[in-house]
file protein_14.tsv (TSV, C-alpha atoms)
chain	number	residue	atom	x	y	z
A	1	ARG	CA	17.25	-18.08	8.16
A	2	THR	CA	14.71	-16.31	5.97
A	3	VAL	CA	11.50	-18.15	5.14
A	4	LEU	CA	10.27	-16.97	1.74
A	5	THR	CA	7.37	-19.37	1.16
A	6	SER	CA	4.30	-20.59	3.02
A	7	GLY	CA	5.02	-22.25	6.38
A	8	ALA	CA	6.54	-20.76	9.50
A	9	CYS	CA	6.83	-17.05	10.29
A	10	ARG	CA	8.47	-15.01	7.52
A	11	TYR	CA	11.37	-13.30	9.29
A	12	LYS	CA	14.51	-11.93	7.63
A	13	ALA	CA	17.64	-11.53	9.72
A	14	GLN	CA	20.43	-9.05	9.04
A	15	GLY	CA	22.82	-10.18	6.32
A	16	GLU	CA	20.38	-12.32	4.31
A	17	PHE	CA	20.65	-9.95	1.32
A	18	ILE	CA	23.65	-8.21	-0.24
A	19	VAL	CA	23.84	-4.49	-1.00
A	20	ASP	CA	26.55	-4.21	-3.67
A	21	LYS	CA	28.59	-6.14	-6.22
A	22	GLU	CA	31.29	-6.78	-3.60
A	23	GLY	CA	28.83	-8.92	-1.64
A	24	THR	CA	28.45	-6.63	1.39
A	25	PRO	CA	25.63	-7.97	3.61
A	26	ASP	CA	22.62	-5.80	4.38
A	27	ALA	CA	21.85	-4.51	7.90
A	28	ILE	CA	18.05	-4.73	7.90
A	29	GLU	CA	15.92	-7.21	9.78
A	30	PHE	CA	12.18	-7.47	9.24
A	31	ILE	CA	9.09	-9.54	9.81
A	32	THR	CA	6.38	-9.81	7.15
A	33	ILE	CA	2.70	-10.55	7.76
A	34	ALA	CA	0.50	-11.55	4.82
A	35	LYS	CA	-2.66	-9.59	4.12
A	36	ASP	CA	-4.54	-12.85	3.60
A	37	ASP	CA	-3.49	-14.11	7.06
A	38	ILE	CA	-4.55	-10.87	8.74
A	39	LEU	CA	-8.01	-10.98	7.15
A	40	ALA	CA	-8.51	-14.70	7.84
A	41	PHE	CA	-7.06	-14.80	11.38
A	42	PRO	CA	-7.16	-17.07	13.37
A	43	LYS	CA	-7.33	-19.26	10.27
A	44	VAL	CA	-3.92	-19.78	8.64
A	45	VAL	CA	-3.78	-19.07	4.91
A	46	HIS	CA	-0.03	-18.80	4.19
A	47	ARG	CA	1.99	-19.17	7.40
A	48	THR	CA	1.98	-18.97	11.20
A	49	TYR	CA	3.41	-16.16	13.35
A	50	PRO	CA	4.77	-15.58	16.87
A	51	ALA	CA	2.13	-15.22	19.60
A	52	PRO	CA	2.45	-11.40	20.00
A	53	ILE	CA	1.29	-10.93	16.40
A	54	GLY	CA	-1.91	-12.87	16.99
A	55	THR	CA	-2.53	-10.90	20.18
A	56	HIS	CA	-2.51	-7.60	18.26
A	57	VAL	CA	-4.42	-8.53	15.09
A	58	ASP	CA	-7.59	-6.70	16.14
A	59	SER	CA	-5.93	-3.77	17.93
A	60	ALA	CA	-3.17	-2.96	15.43
A	61	LEU	CA	-2.87	-5.13	12.32
A	62	ARG	CA	-6.43	-4.99	10.98
A	63	PRO	CA	-6.80	-1.20	11.57
A	64	PHE	CA	-3.47	-0.58	9.82
A	65	LEU	CA	-4.44	-2.89	6.97
A	66	SER	CA	-7.81	-1.18	6.55
A	67	LYS	CA	-6.29	2.30	6.38
A	68	ALA	CA	-3.51	1.19	4.00
A	69	LEU	CA	-6.02	-0.48	1.68
A	70	ASP	CA	-8.27	2.59	1.70
A	71	VAL	CA	-5.40	4.88	0.71
A	72	ASN	CA	-4.00	2.53	-1.91
A	73	THR	CA	-7.45	1.89	-3.40
A	74	THR	CA	-7.94	5.64	-3.77
A	75	ILE	CA	-4.58	6.01	-5.50
A	76	LEU	CA	-5.30	3.10	-7.86
A	77	SER	CA	-8.65	4.70	-8.73
A	78	VAL	CA	-6.88	7.95	-9.62
A	79	PHE	CA	-4.38	6.05	-11.78
A	80	GLU	CA	-7.25	4.34	-13.62
A	81	LYS	CA	-8.54	7.71	-14.78
A	82	LYS	CA	-5.10	9.06	-15.65
A	83	LEU	CA	-4.27	5.94	-17.69
A	84	GLY	CA	-7.54	5.98	-19.62
A	85	LEU	CA	-8.82	2.80	-17.98
A	86	ALA	CA	-12.43	2.09	-17.11
A	87	ASN	CA	-13.46	2.49	-13.48
A	88	GLY	CA	-12.45	-0.59	-11.51
A	89	GLU	CA	-10.00	-1.94	-14.11
A	90	LEU	CA	-6.98	-1.82	-11.80
A	91	LEU	CA	-9.00	-2.48	-8.67
A	92	LYS	CA	-10.34	-5.82	-9.92
A	93	LEU	CA	-6.76	-7.04	-10.20
A	94	HIS	CA	-6.18	-6.18	-6.52
A	95	THR	CA	-9.31	-7.62	-4.88
A	96	LEU	CA	-9.46	-8.70	-1.24
A	97	ASP	CA	-11.03	-12.02	-2.25
A	98	GLY	CA	-8.14	-13.38	-4.31
A	99	LEU	CA	-4.97	-14.65	-2.66
A	100	SER	CA	-2.08	-12.28	-3.23
A	101	GLY	CA	1.37	-11.25	-2.06
A	102	SER	CA	0.00	-8.11	-0.37
A	103	GLU	CA	1.65	-7.82	3.03
A	104	ALA	CA	2.53	-5.67	6.01
A	105	ARG	CA	6.14	-5.45	7.14
A	106	VAL	CA	7.99	-4.05	10.16
A	107	LEU	CA	11.65	-3.22	9.50
A	108	LYS	CA	14.50	-2.31	11.82
A	109	ALA	CA	17.94	-0.92	10.99
A	110	PRO	CA	20.43	-0.71	13.87
A	111	ALA	CA	21.82	2.55	15.22
A	112	LYS	CA	25.27	3.95	14.44
A	113	LEU	CA	25.88	2.16	11.17
A	114	THR	CA	29.24	3.09	9.67
A	115	SER	CA	30.96	2.33	6.39
A	116	PRO	CA	34.60	1.22	6.05
A	117	ASP	CA	34.84	3.72	3.19
A	118	PRO	CA	34.43	7.30	4.55
A	119	ASN	CA	33.42	8.47	1.07
A	120	LYS	CA	30.48	6.08	0.87
A	121	PRO	CA	27.48	5.75	3.18
A	122	LYS	CA	26.79	2.42	4.84
A	123	VAL	CA	23.87	0.99	2.87
A	124	ALA	CA	21.46	-0.75	5.22
A	125	LEU	CA	19.16	-2.02	2.45
A	126	PHE	CA	20.24	-2.30	-1.17
A	127	ALA	CA	18.97	-0.11	-3.99
A	128	HIS	CA	15.80	-1.63	-5.38
A	129	THR	CA	12.35	-1.06	-6.75
A	130	ASP	CA	9.33	-2.54	-4.99
A	131	LEU	CA	7.91	-5.74	-6.45
A	132	GLY	CA	4.24	-4.89	-6.00
A	133	SER	CA	1.93	-2.18	-7.25
A	134	LEU	CA	2.05	0.33	-4.40
A	135	ALA	CA	4.05	0.59	-1.17
A	136	PHE	CA	2.56	2.58	1.72
A	137	LEU	CA	5.45	3.50	4.07
A	138	HIS	CA	5.64	5.06	7.54
A	139	ASN	CA	8.87	6.09	9.27
A	140	ARG	CA	9.83	8.87	11.70
A	141	LEU	CA	13.59	8.90	11.09
A	142	GLY	CA	15.32	9.77	7.83
A	143	GLY	CA	17.45	7.32	5.91
A	144	LEU	CA	15.23	6.58	2.93
A	145	GLN	CA	16.82	7.80	-0.29
A	146	VAL	CA	15.48	7.88	-3.85
A	147	LEU	CA	17.34	8.06	-7.15
A	148	PRO	CA	15.48	10.48	-9.43
A	149	PRO	CA	15.23	9.42	-13.10
A	150	GLY	CA	18.26	10.60	-15.09
A	151	SER	CA	20.23	11.46	-11.96
A	152	SER	CA	23.22	9.78	-10.32
A	153	ASP	CA	22.70	11.58	-6.99
A	154	TRP	CA	20.70	9.94	-4.23
A	155	GLN	CA	18.31	12.26	-2.39
A	156	TYR	CA	16.84	11.90	1.09
A	157	VAL	CA	13.07	11.66	1.51
A	158	ARG	CA	12.29	13.71	4.59
A	159	PRO	CA	9.65	12.14	6.86
A	160	LEU	CA	6.80	14.53	7.68
A	161	PRO	CA	4.56	14.16	10.76
A	162	GLY	CA	1.13	12.87	9.82
A	163	HIS	CA	2.26	11.82	6.35
A	164	ALA	CA	3.12	8.52	4.66
A	165	ILE	CA	5.31	7.82	1.64
A	166	CYS	CA	3.77	5.96	-1.29
A	167	ASN	CA	5.95	4.31	-3.95
A	168	VAL	CA	4.88	2.95	-7.32
A	169	GLY	CA	6.16	-0.61	-7.75
A	170	ASP	CA	7.14	-2.90	-10.59
A	171	THR	CA	3.79	-4.59	-11.24
A	172	LEU	CA	2.06	-1.25	-11.66
A	173	ALA	CA	4.81	-0.26	-14.09
A	174	VAL	CA	4.05	-3.42	-16.10
A	175	LEU	CA	0.27	-2.96	-15.99
A	176	SER	CA	0.63	0.65	-17.17
A	177	GLY	CA	2.96	-0.23	-20.05
A	178	GLY	CA	5.71	1.85	-18.48
A	179	LEU	CA	3.65	5.04	-18.19
A	180	LEU	CA	4.08	4.71	-14.43
A	181	GLN	CA	7.66	4.10	-13.30
A	182	SER	CA	8.66	2.25	-10.16
A	183	SER	CA	10.80	4.22	-7.71
A	184	MET	CA	14.46	3.26	-7.20
A	185	HIS	CA	15.26	3.63	-3.49
A	186	ARG	CA	17.54	2.41	-0.71
A	187	VAL	CA	18.04	2.80	3.05
A	188	VAL	CA	21.14	4.38	4.59
A	189	PRO	CA	21.80	5.62	8.15
A	190	PRO	CA	19.61	8.61	9.09
A	191	PRO	CA	21.47	11.94	8.84
A	192	GLY	CA	22.86	13.85	11.82
A	193	ALA	CA	21.91	12.95	15.38
A	194	GLN	CA	19.18	10.63	14.10
A	195	GLY	CA	21.93	8.18	13.18
A	196	ASP	CA	22.41	7.39	16.89
A	197	LEU	CA	18.98	5.77	17.00
A	198	PRO	CA	17.67	2.52	15.55
A	199	ARG	CA	15.43	3.14	12.54
A	200	TRP	CA	12.00	1.51	12.58
A	201	SER	CA	9.55	1.63	9.70
A	202	VAL	CA	6.24	0.04	8.76
A	203	VAL	CA	5.18	-0.63	5.18
A	204	PHE	CA	2.19	-2.16	3.41
A	205	GLN	CA	2.73	-3.58	-0.06
A	206	THR	CA	-0.31	-3.80	-2.34
A	207	ARG	CA	0.17	-6.52	-4.94
A	208	PRO	CA	-2.13	-8.03	-7.59
A	209	ALA	CA	-3.84	-11.39	-7.09
A	210	HIS	CA	-1.44	-14.31	-7.47
A	211	ASP	CA	-3.24	-15.92	-10.41
A	212	ILE	CA	-3.90	-13.04	-12.82
A	213	CYS	CA	-2.00	-12.70	-16.09
A	214	LEU	CA	0.66	-10.03	-15.53
A	215	ARG	CA	0.68	-7.87	-18.66
A	216	ALA	CA	0.35	-4.31	-19.89
A	217	LEU	CA	-3.34	-3.34	-20.08
A	218	ALA	CA	-3.05	-2.31	-23.74
A	219	GLU	CA	-6.37	-3.85	-24.72
A	220	GLU	CA	-8.14	-1.85	-22.03
A	221	SER	CA	-6.49	1.55	-22.60
A	222	PRO	CA	-5.64	3.36	-25.87
A	223	MET	CA	-3.08	5.38	-23.91
A	224	ILE	CA	-1.21	2.28	-22.76
A	225	ARG	CA	-1.50	0.73	-26.22
A	226	ALA	CA	0.03	3.84	-27.79
A	227	ALA	CA	2.90	3.75	-25.30
A	228	LEU	CA	3.71	0.17	-26.28
A	229	GLU	CA	3.53	0.97	-29.99
A	230	ARG	CA	6.33	3.50	-29.54
A	231	MET	CA	8.63	0.76	-28.20
A	232	THR	CA	10.83	-1.75	-29.95
A	233	PRO	CA	9.78	-5.43	-29.76
A	234	ASP	CA	12.47	-6.07	-27.14
A	235	GLN	CA	11.19	-3.20	-25.00
A	236	GLN	CA	7.61	-4.43	-25.32
A	237	GLU	CA	8.58	-7.85	-23.97
A	238	LYS	CA	9.34	-6.34	-20.55
A	239	PHE	CA	5.68	-5.40	-20.20
A	240	ASN	CA	4.36	-8.82	-21.11
A	241	PRO	CA	6.36	-11.23	-18.92
A	242	ASN	CA	3.94	-14.12	-19.66
A	243	THR	CA	3.61	-15.17	-16.02
A	244	THR	CA	1.51	-14.60	-12.92
A	245	PRO	CA	2.41	-12.23	-10.07
A	246	GLY	CA	2.82	-15.18	-7.71
A	247	LYS	CA	5.49	-16.84	-9.87
A	248	TRP	CA	7.12	-13.50	-10.72
A	249	PHE	CA	7.47	-12.48	-7.04
A	250	ALA	CA	8.90	-15.86	-6.03
A	251	ARG	CA	11.57	-15.67	-8.74
A	252	ARG	CA	12.52	-12.07	-7.92
A	253	VAL	CA	12.77	-12.58	-4.15
A	254	LYS	CA	14.85	-15.73	-4.55
A	255	ASN	CA	17.50	-13.70	-6.36
A	256	PHE	CA	17.85	-11.31	-3.40
A	257	ARG	CA	19.21	-13.95	-1.03
A	258	VAL	CA	22.95	-14.24	-0.38
A	259	SER	CA	22.75	-18.01	-0.69
A	260	ASN	CA	21.45	-17.67	-4.24
A	261	ARG	CA	23.92	-15.04	-5.42
A	262	THR	CA	27.36	-15.36	-6.99
A	263	VAL	CA	29.63	-12.35	-6.62
A	264	CYS	CA	32.02	-11.89	-9.56

call {"tool": "encode", "arguments": {"input": "protein_14.tsv", "output": "structure tokens"}}
result
Amino acid sequence: RTVLTSGACRYKAQGEFIVDKEGTPDAIEFITIAKDDILAFPKVVHRTYPAPIGTHVDSALRPFLSKALDVNTTILSVFEKKLGLANGELLKLHTLDGLSGSEARVLKAPAKLTSPDPNKPKVALFAHTDLGSLAFLHNRLGGLQVLPPGSSDWQYVRPLPGHAICNVGDTLAVLSGGLLQSSMHRVVPPPGAQGDLPRWSVVFQTRPAHDICLRALAEESPMIRAALERMTPDQQEKFNPNTTPGKWFARRVKNFRVSNRTVC
């Protein structure tokens, strides 16, 4: 079964999550490797992993982590300027020194997924927004779909050679006071002949340090403050959850599991 806290390897088998209100199980399996464990290896910070992971820390995991962090740091720096924040304001919340939920993940969806309803695609991974600040995603097959704001039609994101996909996540939406919106997305079988192949993808999630106060940066940015002032008190509460990212992530992930869900 899935291990969602510190301890043994964090692996999720197929069917641990549900994809709809009918309780249909998901079809994705994945293994997650914490950023803190990659940087500290062979020291264990959060959890242990199968032997092949340790064998490839230097050859694969650390180079991937370094590139992902470089790209995400650049994007966060751009967002700082666009949001009217001082240089380094977002970056200091995502330091390498502080423990965080930042992590690398390898995901696999099986080939030839079909739906019992011919009018609906088989959903391999449920519609969701990412929990962190930025997600840096690599995949060669299609199957990723996004739901544009104000639309009810899902659209494929076509993979391009030499390119990665970067999604804004929920914590960045909170920090920006809603000026940045997290992307609603899901995974379905790849279109056409690609559907005969298993779909592999690799993602790095950048998340703030576990112990910071998760809140809109209204005191640091007039632009963010103005955005909050246009909201009702109830709307403003969403951007000041009065918790830390560590506690917020744990609560959100717990609600994904089948064993913690009640289908009405």

call {"tool": "closest_residue", "arguments": {"input": "protein_14.tsv", "among": "A:Lys35, A:His185, A:Arg199, A:Lys120", "to": "Gly101 (chain A)", "atoms": "all atoms listed in the file"}}
result
A:Lys35

call {"tool": "residues_around", "arguments": {"input": "protein_14.tsv", "residues": "region 24-33 of chain A", "least_positions_apart": "5", "cutoff": "8 Å", "atoms": "only C-alpha atoms", "output": "PDB file with C-alpha atoms, keeping the file's coordinate frame"}}
result
ATOM      1  CA  CYS A   9       6.830 -17.050  10.290  1.00  0.00           C
ATOM      2  CA  ARG A  10       8.470 -15.010   7.520  1.00  0.00           C
ATOM      3  CA  TYR A  11      11.370 -13.300   9.290  1.00  0.00           C
ATOM      4  CA  LYS A  12      14.510 -11.930   7.630  1.00  0.00           C
ATOM      5  CA  ALA A  13      17.640 -11.530   9.720  1.00  0.00           C
ATOM      6  CA  GLN A  14      20.430  -9.050   9.040  1.00  0.00           C
ATOM      7  CA  GLY A  15      22.820 -10.180   6.320  1.00  0.00           C
ATOM      8  CA  GLU A  16      20.380 -12.320   4.310  1.00  0.00           C
ATOM      9  CA  PHE A  17      20.650  -9.950   1.320  1.00  0.00           C
ATOM     10  CA  ILE A  18      23.650  -8.210  -0.240  1.00  0.00           C
ATOM     11  CA  VAL A  19      23.840  -4.490  -1.000  1.00  0.00           C
ATOM     12  CA  ILE A  38      -4.550 -10.870   8.740  1.00  0.00           C
ATOM     13  CA  TYR A  49       3.410 -16.160  13.350  1.00  0.00           C
ATOM     14  CA  GLU A 103       1.650  -7.820   3.030  1.00  0.00           C
ATOM     15  CA  ALA A 104       2.530  -5.670   6.010  1.00  0.00           C
ATOM     16  CA  ARG A 105       6.140  -5.450   7.140  1.00  0.00           C
ATOM     17  CA  VAL A 106       7.990  -4.050  10.160  1.00  0.00           C
ATOM     18  CA  LEU A 107      11.650  -3.220   9.500  1.00  0.00           C
ATOM     19  CA  LYS A 108      14.500  -2.310  11.820  1.00  0.00           C
ATOM     20  CA  ALA A 109      17.940  -0.920  10.990  1.00  0.00           C
ATOM     21  CA  PRO A 110      20.430  -0.710  13.870  1.00  0.00           C
ATOM     22  CA  VAL A 123      23.870   0.990   2.870  1.00  0.00           C
ATOM     23  CA  ALA A 124      21.460  -0.750   5.220  1.00  0.00           C
ATOM     24  CA  LEU A 125      19.160  -2.020   2.450  1.00  0.00           C
ATOM     25  CA  PHE A 126      20.240  -2.300  -1.170  1.00  0.00           C
ATOM     26  CA  VAL A 258      22.950 -14.240  -0.380  1.00  0.00           C
TER      27      VAL A 258
END

call {"tool": "atom_distance", "arguments": {"input": "protein_14.tsv", "atom1": "CA of Ile53 (chain A)", "atom2": "CA of Gln205 (chain A)"}}
result
18.1 Å

call {"tool": "closest_atom_pairs", "arguments": {"input": "protein_14.tsv", "of": "region 117-209 of chain A", "to": "region 220-243 of chain A", "cutoff": "10 Å", "atoms": "only C-alpha atoms", "output": "CSV"}}
result
residue,atom,partner,partner_atom,distance
A:Thr171,CA,A:Phe239,CA,9.2
A:Ala173,CA,A:Phe239,CA,8.0
A:Val174,CA,A:Phe239,CA,4.8
A:Leu175,CA,A:Phe239,CA,7.3
A:Ser176,CA,A:Ile224,CA,6.1
A:Gly177,CA,A:Ile224,CA,5.6
A:Gly178,CA,A:Phe239,CA,7.5
A:Leu179,CA,A:Ile224,CA,7.2

call {"tool": "atom_distance", "arguments": {"input": "protein_14.tsv", "atom1": "CA of Ala193 (chain A)", "atom2": "CA of Tyr156 (chain A)"}}
result
15.2 Å

call {"tool": "atom_distance", "arguments": {"input": "protein_14.tsv", "atom1": "CA of Trp248 (chain A)", "atom2": "CA of Leu147 (chain A)"}}
result
24.1 Å

call {"tool": "closest_residue", "arguments": {"input": "protein_14.tsv", "among": "A:Leu85, A:Leu180, A:Leu172, A:Leu137", "to": "Arg207 (chain A)", "atoms": "only C-alpha atoms"}}
result
A:Leu172
